[in-house]
Amino acid sequence: MSAFQAPTGTRDVLAPESSRFESLVARFARLAELAGYGLVVSPMFEDVALFSRGVGEATDVVTKEMYVFEDKGGRTIALRPEGTAPVVRAFVQHRPVLPWKAWYATPCFRYERPQAGRYRQFHQLGVEALGPQDADLDVEVVALFEGLRRSLGLEGVELRVNSMGDAACLPGYRAVLASYLSDHGEELCADHRTSWSRNPLRVLDCKKQACVSVRAGAPLLRDALCDACEAHFDRFLSGLGSLGIRWTRDDFLVRGLDYYTRTTFEFRASGLDAAQDTICGGGRYNGLVEELGGPPTPGIGFAAGVERILLACAVEGVELAPERATEVFVVDVVGGGSARDLTDALRRAGVAADRAFDGRSLKSQLKQADRSGARVACIVGPEEEAAGVVTVRWMRESGAGGPGPGRQERVARGDLVEAVARWTR
RNA sequence: GUGGCCGUAGCUCAGUUGGUUAGAGCGCCAGGUUGUGGCCCUGGAGGUCGGGGGUUCAAGUCCCCUCGGUCACCCCA
């Protein structure tokens, strides 16, 4: 065990795994840009109040999971526990023209006990779209993640949707639910028996049998939605249908952050354990911008967990990155000067080239060439050096009609780059 | 924050009722082949047995503490 280790709940991602990570982000970036979203890069830390106000004072994320510290100027700072609040803050600060559509890929930090699919530093991909209240925007946002899912080839993913209502109907429902719960408070699970009044909606989300039984008889928000919310949700659902996106309505989908209104949704991966199977979660937050000091502005977005998506891909055997192997390995048993110059020339020509160092033996260098995955080795020994040529050795099958492993030919040094570019194409 | 399980080489793991100098496979390095990778053979490097304390003539092994990993709860991506 080494003297220093990555802190609890964090991890190092080395190649080749890191290329899967990179490839996922790149794929998402392409889809987001394709849909008119622009990259937003905002600070990894913010005034702690941004999160307590934005995410909700009473949420677990705020009360017990934030990395908070005081900086040398006496400011109380928090490492971002999620991506939405910072993006909305950036919007309020800069006021770009509406509609404003942004995407991001960022580390997030939450002080929790690590577990499969849960880390203290994890990574989120997300989008936020501010301005329109049009339900078609809700459809677009969901379709964006659905597009990523499809492009990855992930199959075991379920989309669950719900409407949280808005300021016109949610408070009324909350009161109705609260009065129902006050009649059944004794039947709730141990945790909620005392705490349900703080946030009655949380009970709907509880997995304990006691709460599940109670909620079975509870009044439903779907029956309390106002006409406007009802119409919005209907248009959202029919829009999903029109795009061929399958969904399941879940009356108990109550997401943990305070800012959601109307549309909420989650993508769940069946290959993961139920406790951490949400690979993407999001919804509308029509009050958040105002809450953070901006003008009343509707918004919607989602955040997707990179580690969890990667985990789901691994479970389904989905290969992400056709990892870019070295194409040409230069073996130089003379002095290394040729290796230096030839690899540089190959790289300038866009060919992935590598070499050995420290004057290793021919055998050792060829072994490294083999390990690198290169299809060809370019060998420079005393004979080649004297004749101004290189020996090209095929290390692998080269496809139909090509030379097989072990076949060699000589090429004039000056022709190498062009010849290799032709072979490796 | 609470609970279960687990820490021996870079990786995966053996290590008997406590008993000489802690092993294997894979990987790595070198040689077998003074110009040829993969397969094979031979050899080599690599370990504060997670850390600290205790019991004992003797601790990888038993006890306590601690750190770390992992899984679950809570909650979330």
# chains A, B, ... in the order shown; residues from 1 in each chain; ligands from 1

$ residues_around --residues "G51 in chain B" --least-positions-apart "3" --cutoff "12 Å" --atoms "only C-alpha atoms (C1' of nucleotides)" --output "mmCIF file with C-alpha atoms (C1' of nucleotides), in the first residue's frame"
data_model
loop_
_atom_site.group_PDB
_atom_site.id
_atom_site.type_symbol
_atom_site.label_atom_id
_atom_site.label_comp_id
_atom_site.auth_asym_id
_atom_site.auth_seq_id
_atom_site.Cartn_x
_atom_site.Cartn_y
_atom_site.Cartn_z
ATOM 1 C CA MET A 1 0.000 0.000 0.000
ATOM 2 C CA SER A 2 1.402 3.339 -1.003
ATOM 3 C CA ALA A 3 1.924 6.206 1.395
ATOM 4 C "C1'" G B 7 -6.999 -5.776 3.830
ATOM 5 C "C1'" U B 48 7.226 -2.099 6.566
ATOM 6 C "C1'" C B 65 -7.373 0.522 18.464
ATOM 7 C "C1'" U B 66 -6.900 2.937 13.934
ATOM 8 C "C1'" C B 67 -6.732 3.716 8.573
ATOM 9 C "C1'" G B 68 -8.371 1.953 3.953
#

$ interface_residues --of "chain B" --to "chain A" --cutoff "8 Å" --atoms "only C-alpha atoms (C1' of nucleotides)" --output "list in words"
G35, U36, G37, G38, G50, U70, C71, C75, C76 and A77 of chain B

$ residues_around --residues "range 149-166 of chain A" --least-positions-apart "4" --cutoff "8 Å" --atoms "only C-alpha atoms (C1' of nucleotides)" --output "ChimeraX atom specification"
/A:145,170,221-222,225-226,229,233,246-254,260-271,312-313,316,318,320

$ residues_around --residues "range 290-300 of chain A" --least-positions-apart "6" --cutoff "8 Å" --atoms "only C-alpha atoms (C1' of nucleotides)" --output "list in words"
Leu50, Arg53, Gly54, Val88, Arg89, Val92, Glu128, Ala129, Leu130, Gly131, Pro132, Gln133, Leu137, Asp138, Val141, Gly282, Gly283 and Arg284 of chain A

$ residues_around --residues "Val176 in chain A" --least-positions-apart "6" --cutoff "12 Å" --atoms "only C-alpha atoms (C1' of nucleotides)" --output "count of residues only"
12

$ select_by_dssp --residues "range 31-161 of chain A" --states "strand (DSSP E)" --output "PyMOL selection string"
chain A and resi 38-39+45-47+68-70+76-79+100-109+121-130+157-161

$ atom_distance --atom1 "CA of Ala6 in chain A" --atom2 "C1' of G10 in chain B"
16.9 Å

$ closest_residue --among "A:Arg235, A:Arg375, A:His192, A:Arg198" --to "Val139 in chain A" --atoms "only C-alpha atoms"
A:Arg235

$ select_by_dssp --residues "range 107-269 of chain A" --states "helix (DSSP H, G or I)" --output "PyMOL selection string"
chain A and resi 135-152+170-187+190-195+201-205+209-216+221-223+227-242

$ atom_distance --atom1 "CA of Gln209 in chain A" --atom2 "CA of Tyr180 in chain A"
17.6 Å

$ atom_distance --atom1 "CA of Cys189 in chain A" --atom2 "CA of Ala210 in chain A"
5.1 Å

$ residues_around --residues "range 52-62 of chain B" --least-positions-apart "2" --cutoff "9 Å" --atoms "only C-alpha atoms (C1' of nucleotides)" --output "list of chain:residue names"
B:U8, B:G15, B:G18, B:G19, B:A22, B:C49, B:C64, B:C65, B:U66

$ residues_around --residues "range 335-344 of chain A" --least-positions-apart "3" --cutoff "10 Å" --atoms "only C-alpha atoms (C1' of nucleotides)" --output "compact mmCIF listing (two decimals) with N, CA and C atoms, in the first residue's frame"
# COMPACT_ATOMS: atom_id res chain seq x y z
N VAL A 328 1.98 2.59 -35.53
CA VAL A 328 3.34 2.25 -35.98
C VAL A 328 4.29 2.34 -34.80
N PHE A 329 5.14 1.33 -34.65
CA PHE A 329 6.13 1.36 -33.59
C PHE A 329 7.51 1.36 -34.23
N VAL A 330 8.30 2.35 -33.90
CA VAL A 330 9.61 2.46 -34.51
C VAL A 330 10.66 1.78 -33.62
N VAL A 331 11.33 0.80 -34.18
CA VAL A 331 12.35 0.06 -33.46
C VAL A 331 13.72 0.49 -33.98
N ASP A 332 14.54 1.00 -33.11
CA ASP A 332 15.84 1.54 -33.52
C ASP A 332 16.92 0.93 -32.64
N ARG A 347 4.19 11.28 -36.61
CA ARG A 347 3.18 11.99 -35.83
C ARG A 347 2.75 13.27 -36.54
N ARG A 348 3.70 13.96 -37.13
CA ARG A 348 3.34 15.18 -37.87
C ARG A 348 2.38 14.86 -39.00
N ALA A 349 2.51 13.63 -39.53
CA ALA A 349 1.63 13.23 -40.63
C ALA A 349 0.32 12.65 -40.10
N GLY A 350 0.15 12.67 -38.78
CA GLY A 350 -1.12 12.21 -38.21
C GLY A 350 -1.18 10.72 -37.96
N VAL A 351 -0.04 10.06 -37.97
CA VAL A 351 -0.01 8.62 -37.71
C VAL A 351 0.35 8.41 -36.23
N ALA A 352 -0.42 7.58 -35.53
CA ALA A 352 -0.13 7.30 -34.13
C ALA A 352 1.13 6.45 -34.05
N ALA A 353 2.21 7.04 -33.59
CA ALA A 353 3.50 6.35 -33.60
C ALA A 353 4.13 6.37 -32.22
N ASP A 354 4.83 5.30 -31.90
CA ASP A 354 5.53 5.26 -30.61
C ASP A 354 6.87 4.55 -30.80
N ARG A 355 7.66 4.51 -29.76
CA ARG A 355 9.01 3.97 -29.85
C ARG A 355 9.47 3.53 -28.47
N ALA A 356 10.61 2.86 -28.42
CA ALA A 356 11.19 2.48 -27.14
C ALA A 356 12.30 3.46 -26.79
N PHE A 357 12.65 3.51 -25.53
CA PHE A 357 13.74 4.38 -25.09
C PHE A 357 14.83 3.56 -24.41
N ASP A 358 15.89 4.25 -24.04
CA ASP A 358 16.96 3.65 -23.24
C ASP A 358 17.73 2.55 -23.96
N GLY A 359 17.71 2.55 -25.29
CA GLY A 359 18.55 1.62 -26.04
C GLY A 359 18.33 0.16 -25.72
N ARG A 360 17.11 -0.25 -25.68
CA ARG A 360 16.81 -1.66 -25.39
C ARG A 360 17.17 -2.55 -26.57
N CYS A 378 8.60 -0.47 -37.62
CA CYS A 378 9.62 0.00 -38.57
C CYS A 378 10.96 -0.19 -37.90
N ILE A 379 11.77 -1.09 -38.47
CA ILE A 379 13.02 -1.45 -37.83
C ILE A 379 14.20 -0.75 -38.48
N VAL A 380 15.01 -0.12 -37.64
CA VAL A 380 16.24 0.51 -38.12
C VAL A 380 17.42 -0.12 -37.41
N GLY A 381 18.20 -0.90 -38.15
CA GLY A 381 19.42 -1.48 -37.60
C GLY A 381 20.60 -0.88 -38.37
N PRO A 382 21.79 -1.38 -38.11
CA PRO A 382 22.98 -0.84 -38.80
C PRO A 382 22.85 -0.92 -40.33
N GLU A 385 20.40 1.70 -41.52
CA GLU A 385 20.98 3.02 -41.30
C GLU A 385 21.94 3.35 -42.44
N VAL A 390 14.32 1.64 -44.17
CA VAL A 390 13.83 1.01 -42.94
C VAL A 390 13.16 -0.29 -43.32
N ARG A 413 13.82 5.48 -46.60
CA ARG A 413 13.48 6.33 -45.46
C ARG A 413 12.57 7.47 -45.83
N GLY A 414 12.86 8.10 -46.92
CA GLY A 414 12.08 9.27 -47.34
C GLY A 414 10.65 8.92 -47.73
N LEU A 416 8.85 6.59 -46.17
CA LEU A 416 8.18 5.88 -45.07
C LEU A 416 6.83 6.47 -44.69
N VAL A 417 6.82 7.77 -44.46
CA VAL A 417 5.59 8.38 -43.97
C VAL A 417 4.45 8.14 -44.95
